[in-house]
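Student: Contents of query.txt (compact mmCIF, C-alpha atoms) are below:
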```
# COMPACT_ATOMS: atom_id res chain seq x y z
CA GLU T 1 77.15 -39.37 27.94
CA THR T 2 74.25 -37.26 29.20
CA GLY T 3 76.14 -33.98 29.60
CA VAL T 4 75.98 -34.21 33.40
CA THR T 5 79.17 -35.28 35.17
CA GLN T 6 79.40 -36.35 38.78
CA THR T 7 82.51 -36.87 40.89
CA PRO T 8 83.61 -38.94 42.61
CA ARG T 9 81.93 -42.11 41.27
CA HIS T 10 82.51 -43.90 44.55
CA LEU T 11 83.02 -42.58 48.08
CA VAL T 12 83.57 -44.34 51.37
CA MET T 13 83.46 -42.22 54.50
CA GLY T 14 83.29 -42.57 58.23
CA MET T 15 80.49 -41.03 60.25
CA THR T 16 82.73 -38.22 61.48
CA ASN T 17 84.15 -37.27 58.07
CA LYS T 18 83.26 -34.28 55.93
CA LYS T 19 83.15 -34.77 52.19
CA SER T 20 81.57 -33.15 49.15
CA LEU T 21 79.94 -34.46 46.00
CA LYS T 22 80.30 -32.46 42.81
CA CYS T 23 78.04 -32.18 39.79
CA GLU T 24 78.68 -30.26 36.59
CA GLN T 25 76.39 -29.90 33.60
CA HIS T 26 77.44 -28.81 30.12
CA LEU T 27 73.94 -28.44 28.70
CA GLY T 28 73.23 -24.78 29.42
CA HIS T 29 70.42 -25.72 31.79
CA ASN T 30 69.11 -23.48 34.54
CA ALA T 31 67.76 -26.03 37.01
CA MET T 32 69.72 -28.64 38.95
CA TYR T 33 68.59 -31.37 41.30
CA TRP T 34 69.90 -33.84 43.86
CA TYR T 35 68.20 -37.24 44.09
CA LYS T 36 68.88 -40.14 46.47
CA GLN T 37 68.56 -43.69 45.17
CA SER T 38 68.53 -46.43 47.81
CA ALA T 39 68.25 -50.13 47.10
CA LYS T 40 64.68 -51.20 46.37
CA LYS T 41 63.33 -47.68 46.98
CA PRO T 42 62.04 -45.05 44.56
CA LEU T 43 64.21 -42.15 43.53
CA GLU T 44 63.83 -39.50 46.23
CA LEU T 45 64.10 -35.83 45.38
CA MET T 46 66.32 -33.98 47.86
CA PHE T 47 66.92 -30.46 46.56
CA VAL T 48 66.05 -28.29 43.58
CA TYR T 49 67.91 -25.20 42.40
CA ASN T 50 66.51 -22.89 39.77
CA PHE T 51 68.78 -20.12 38.45
CA LYS T 52 71.11 -20.77 41.44
CA GLU T 53 68.32 -20.27 43.98
CA GLN T 54 67.14 -23.18 46.10
CA THR T 55 63.46 -23.70 45.34
CA GLU T 56 62.90 -26.98 47.10
CA ASN T 57 64.24 -28.82 50.12
CA ASN T 58 62.38 -32.08 50.50
CA SER T 59 62.75 -32.29 54.30
CA VAL T 60 66.37 -33.35 54.01
CA PRO T 61 68.40 -33.63 57.26
CA SER T 62 70.83 -30.79 57.86
CA ARG T 63 73.81 -33.15 57.62
CA PHE T 64 73.29 -32.73 53.85
CA SER T 65 74.10 -29.21 52.71
CA PRO T 66 73.72 -28.24 49.05
CA GLU T 67 75.52 -25.42 47.28
CA CYS T 68 74.91 -24.03 43.81
CA PRO T 69 77.51 -21.35 42.97
CA ASN T 70 76.29 -21.04 39.36
CA SER T 71 73.86 -22.73 36.99
CA SER T 72 76.48 -25.24 35.83
CA HIS T 73 77.73 -26.53 39.18
CA LEU T 74 76.06 -28.18 42.13
CA PHE T 75 77.64 -29.53 45.28
CA LEU T 76 76.37 -31.66 48.12
CA HIS T 77 78.36 -31.22 51.31
CA LEU T 78 78.22 -34.16 53.69
CA HIS T 79 79.02 -34.22 57.39
CA THR T 80 78.27 -36.49 60.32
CA LEU T 81 76.45 -38.96 58.12
CA GLN T 82 74.74 -42.13 59.29
CA PRO T 83 75.07 -45.64 57.81
CA GLU T 84 71.50 -45.37 56.48
CA ASP T 85 72.68 -42.50 54.29
CA SER T 86 74.58 -45.02 52.17
CA ALA T 87 73.03 -44.80 48.70
CA LEU T 88 73.56 -43.68 45.12
CA TYR T 89 73.31 -39.90 44.90
CA LEU T 90 72.21 -38.67 41.50
CA CYS T 91 72.46 -35.18 40.12
CA ALA T 92 70.14 -34.05 37.34
CA SER T 93 69.57 -30.91 35.32
CA SER T 94 66.78 -29.52 33.16
CA GLN T 95 66.17 -26.42 31.10
CA ALA T 96 64.18 -24.93 33.96
CA SER T 97 62.34 -26.18 36.99
CA ARG T 98 58.97 -26.40 35.30
CA ILE T 99 56.40 -29.11 35.04
CA ASN T 100 57.19 -31.67 32.34
CA GLU T 101 60.81 -30.76 31.98
CA LYS T 102 62.96 -33.60 30.72
CA LEU T 103 65.65 -34.46 33.28
CA PHE T 104 69.22 -35.28 32.35
CA PHE T 105 70.89 -37.39 35.02
CA GLY T 106 74.52 -37.96 35.89
CA SER T 107 75.82 -41.47 36.60
CA GLY T 108 75.81 -40.81 40.33
CA THR T 109 78.12 -41.12 43.31
CA GLN T 110 77.88 -44.42 45.18
CA LEU T 111 78.28 -43.43 48.83
CA SER T 112 79.10 -45.86 51.63
CA VAL T 113 79.04 -44.62 55.21
CA LEU T 114 80.88 -46.83 57.67
CA GLN P 115 52.49 -40.06 47.19
CA GLN P 116 54.57 -42.23 44.91
CA PRO P 117 53.16 -44.23 41.99
CA VAL P 118 53.18 -48.02 42.10
CA GLN P 119 54.80 -50.01 39.31
CA SER P 120 54.06 -53.57 38.32
CA PRO P 121 55.53 -56.03 37.85
CA GLN P 122 58.64 -55.54 40.00
CA ALA P 123 60.71 -57.62 37.61
CA VAL P 124 60.36 -59.15 34.15
CA ILE P 125 62.55 -61.70 32.40
CA LEU P 126 62.23 -62.01 28.63
CA ARG P 127 63.86 -63.72 25.70
CA GLU P 128 64.92 -61.56 22.79
CA GLY P 129 61.95 -60.81 20.55
CA GLU P 130 59.30 -61.15 23.26
CA ASP P 131 56.97 -58.36 24.34
CA ALA P 132 56.46 -56.85 27.79
CA VAL P 133 54.16 -54.38 29.51
CA ILE P 134 55.08 -52.31 32.56
CA ASN P 135 52.31 -50.57 34.45
CA CYS P 136 52.34 -47.45 36.59
CA SER P 137 49.40 -46.55 38.83
CA SER P 138 48.64 -43.61 41.04
CA SER P 139 46.00 -42.92 43.67
CA LYS P 140 45.98 -39.24 42.68
CA ALA P 141 44.70 -37.43 39.59
CA LEU P 142 47.63 -37.03 37.25
CA TYR P 143 48.83 -34.23 35.03
CA SER P 144 51.55 -36.20 33.33
CA VAL P 145 53.56 -39.40 33.40
CA HIS P 146 57.29 -39.64 32.67
CA TRP P 147 59.27 -42.76 31.80
CA TYR P 148 63.01 -43.30 32.32
CA ARG P 149 65.33 -46.26 31.88
CA GLN P 150 68.47 -46.90 33.92
CA LYS P 151 71.06 -49.46 32.94
CA HIS P 152 73.26 -50.90 35.67
CA GLY P 153 75.92 -48.42 36.73
CA GLU P 154 74.64 -45.74 34.37
CA ALA P 155 72.53 -42.61 34.56
CA PRO P 156 68.75 -42.84 34.16
CA VAL P 157 67.82 -41.83 30.62
CA PHE P 158 64.61 -40.09 29.59
CA LEU P 159 62.25 -42.10 27.35
CA MET P 160 59.06 -40.07 27.06
CA ILE P 161 56.49 -37.81 28.72
CA LEU P 162 52.75 -38.35 28.38
CA LEU P 163 50.32 -35.56 29.14
CA LYS P 164 46.72 -35.89 30.26
CA GLY P 165 44.44 -36.36 27.32
CA GLY P 166 44.97 -40.07 26.94
CA GLU P 167 47.78 -39.76 24.45
CA GLN P 168 50.04 -42.52 23.31
CA LYS P 169 53.66 -42.05 22.36
CA GLY P 170 56.40 -44.13 20.87
CA HIS P 171 60.17 -44.32 21.02
CA GLU P 172 61.45 -46.87 18.51
CA LYS P 173 59.74 -50.12 19.55
CA ILE P 174 58.86 -48.74 22.97
CA SER P 175 55.51 -47.03 23.30
CA ALA P 176 53.32 -45.89 26.17
CA SER P 177 49.77 -44.93 26.91
CA PHE P 178 48.21 -42.76 29.60
CA ASN P 179 44.70 -43.30 30.86
CA GLU P 180 44.01 -40.27 33.02
CA LYS P 181 40.62 -41.55 34.17
CA LYS P 182 42.22 -44.66 35.63
CA GLN P 183 45.32 -42.68 36.71
CA GLN P 184 47.45 -45.28 34.98
CA SER P 185 50.16 -45.46 32.38
CA SER P 186 51.54 -48.50 30.61
CA LEU P 187 54.88 -48.89 28.85
CA TYR P 188 54.91 -51.37 25.96
CA LEU P 189 58.15 -52.97 24.83
CA THR P 190 57.72 -54.77 21.52
CA ALA P 191 60.10 -57.36 20.06
CA SER P 192 62.53 -56.76 22.91
CA GLN P 193 66.24 -56.41 22.28
CA LEU P 194 69.16 -57.13 24.59
CA SER P 195 69.69 -53.37 24.86
CA TYR P 196 66.29 -52.99 26.53
CA SER P 197 67.59 -54.56 29.75
CA GLY P 198 67.60 -52.17 32.68
CA THR P 199 65.36 -50.68 35.33
CA TYR P 200 62.35 -48.71 34.12
CA PHE P 201 61.00 -45.91 36.28
CA CYS P 202 57.77 -44.05 35.91
CA GLY P 203 57.44 -40.60 37.38
CA THR P 204 54.13 -38.88 37.94
CA VAL P 205 53.09 -35.27 38.31
CA ASN P 206 49.88 -34.74 40.23
CA ALA P 207 47.14 -32.61 38.72
CA GLY P 208 46.47 -30.60 41.88
CA GLY P 209 46.83 -30.37 45.62
CA THR P 210 49.92 -29.54 47.62
CA SER P 211 52.09 -31.80 45.50
CA TYR P 212 51.11 -30.16 42.21
CA GLY P 213 54.04 -29.93 39.87
CA LYS P 214 56.27 -32.33 41.78
CA LEU P 215 57.69 -35.30 39.90
CA THR P 216 57.51 -38.44 42.06
CA PHE P 217 59.08 -41.71 40.93
CA GLY P 218 57.89 -45.27 41.32
CA GLN P 219 60.10 -48.00 42.73
CA GLY P 220 61.18 -49.26 39.33
CA THR P 221 60.71 -52.42 37.25
CA ILE P 222 63.78 -54.52 36.47
CA LEU P 223 63.68 -55.83 32.90
CA THR P 224 66.13 -58.52 31.83
CA VAL P 225 66.33 -59.67 28.22
CA HIS P 226 68.17 -62.90 27.47
CA PRO P 227 69.41 -64.08 24.04
```
Is it possible to express this structure as structure tokens?

Tutor:
Amino acid sequence: ETGVTQTPRHLVMGMTNKKSLKCEQHLGHNAMYWYKQSAKKPLELMFVYNFKEQTENNSVPSRFSPECPNSSHLFLHLHTLQPEDSALYLCASSQASRINEKLFFGSGTQLSVL
Amino acid sequence: QQPVQSPQAVILREGEDAVINCSSSKALYSVHWYRQKHGEAPVFLMILLKGGEQKGHEKISASFNEKKQQSSLYLTASQLSYSGTYFCGTVNAGGTSYGKLTFGQGTILTVHP
């Protein structure tokens, strides 16, 4: 148990669906992240939020829309996805978005786009 | 630019040693190591800062050679619990990507009884 909880664990959706991934951290951290993990590829940073403000968008397509209502919760809204978006989506948190911060990851949401 | 890990996969018997390498083409500020077991969250192991330091976590240690822009993770007397995928993450020392943590592709370590 890392203190970061992601739901759902698994999600199957069609290309025309709209769904949301949820992440919650119980560590009192101020920074939250979305990473994408595809088979045989490195972990790819998608978004960074620091004190609820988005500080980084790593050229992510607009069909992925993040939301951070407070420092404990992070959402990733999905719409009109493509099959190549199928991957494990990991949420992480850290004390703050500074260099050399230790990241605490959730177990991820395994997304399949049909 | 992402770091390159080698080897891509390692198979060991319990008690054997292994080394996982992480190389970058850029000058590095720090190297981070994480381990991910199948179906679980990646877990932090250690951070090494420039200065050539070496750190340890139980029987897992690591070194960082900033001149060679390389880090190595040493697993000594491996245990079954060491099985998983090991990721290095690097932070560049300057340039436009300064401060960004970029992960390698991972090394799959399997320990058999």

Student: With 10 Å as the limit and counting all atoms listed in the file, what residues in chain T lie close to chain P? Please list them as a PyMOL selection string.

Tutor: chain T and resi 1-2+4-5+9+37-45+88+90-92+97-108+110

Student: What is the distance between CA of Ser86 in chain T and CA of Cys136 in chain P, in Å to one decimal?

Tutor: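 Those two atoms sit 27.3 Å apart.
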
Student: When you look at Thr109 in chain T with a cut-off of 8 Å (counting all atoms listed in the file), what residues show up, excluding the ones that are within fewer than 3 positions of it in the same chain? I need them as an NGL selection string.

Tutor: :T and (6-11 or 21 or 88-90)

Student: Between T:Ala31, T:Cys23, T:Ala87, T:Leu76, which residue has the minimum interatomic distance to Gln54 in chain T, considering only C-alpha atoms?

Tutor: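 Of the candidates, the smallest distance to Gln54 in chain T is held by T:Ala31.
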
Student: Just to confirm, what's the straight-line distance from CA of Ser137 in chain P to CA of Ile222 in chain P in Å (one decimal)?

Tutor: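 Between CA of Ser137 in chain P and CA of Ile222 in chain P the gap works out to 16.6 Å.
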
Student: Can you pull out the residues contacting Val225 in chain P? Cut-off 8 Å, using all atoms listed in the file, and skip same-chain residues under 6 positions away; I want them as a PDB file with C-alpha atoms, in the coordinates of the input.

Tutor:
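Generated file (selection.pdb):
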```pdb
ATOM      1  CA  ILE P 125      62.550 -61.700  32.400  1.00  0.00           C
ATOM      2  CA  LEU P 126      62.230 -62.010  28.630  1.00  0.00           C
ATOM      3  CA  ARG P 127      63.860 -63.720  25.700  1.00  0.00           C
ATOM      4  CA  GLU P 128      64.920 -61.560  22.790  1.00  0.00           C
ATOM      5  CA  SER P 192      62.530 -56.760  22.910  1.00  0.00           C
ATOM      6  CA  GLN P 193      66.240 -56.410  22.280  1.00  0.00           C
ATOM      7  CA  LEU P 194      69.160 -57.130  24.590  1.00  0.00           C
ATOM      8  CA  SER P 195      69.690 -53.370  24.860  1.00  0.00           C
ATOM      9  CA  TYR P 196      66.290 -52.990  26.530  1.00  0.00           C
ATOM     10  CA  SER P 197      67.590 -54.560  29.750  1.00  0.00           C
TER      11      SER P 197
END
```

Student: Please, what distance in Å, to one decimal, runs between CA of Ser120 in chain P and CA of Glu172 in chain P?

Tutor: 22.2 Å

Student: Give the centre and edge lengths of an axis-aligned box, in Å to one decimal, that holds all listed atoms of range 1-13 of chain T with 5 Å on each side, as AutoDock Vina command-line options.

Tutor:
```
--center_x 78.9 --center_y -39.2 --center_z 41.2 --size_x 19.4 --size_y 20.4 --size_z 36.6
```

Student: Using only C-alpha atoms - which residues lie no farther than 12 Å from the point (65.0, -32.6, 53.8) in the file's frame? Write them as a list of chain:residue names.

Tutor: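 Result, sorted by chain then residue number: T:Trp34, T:Tyr35, T:Lys36, T:Glu44, T:Leu45, T:Met46, T:Phe47, T:Val48, T:Glu56, T:Asn57, T:Asn58, T:Ser59, T:Val60, T:Pro61, T:Ser62, T:Arg63, T:Phe64, T:Ser65, T:Pro66.
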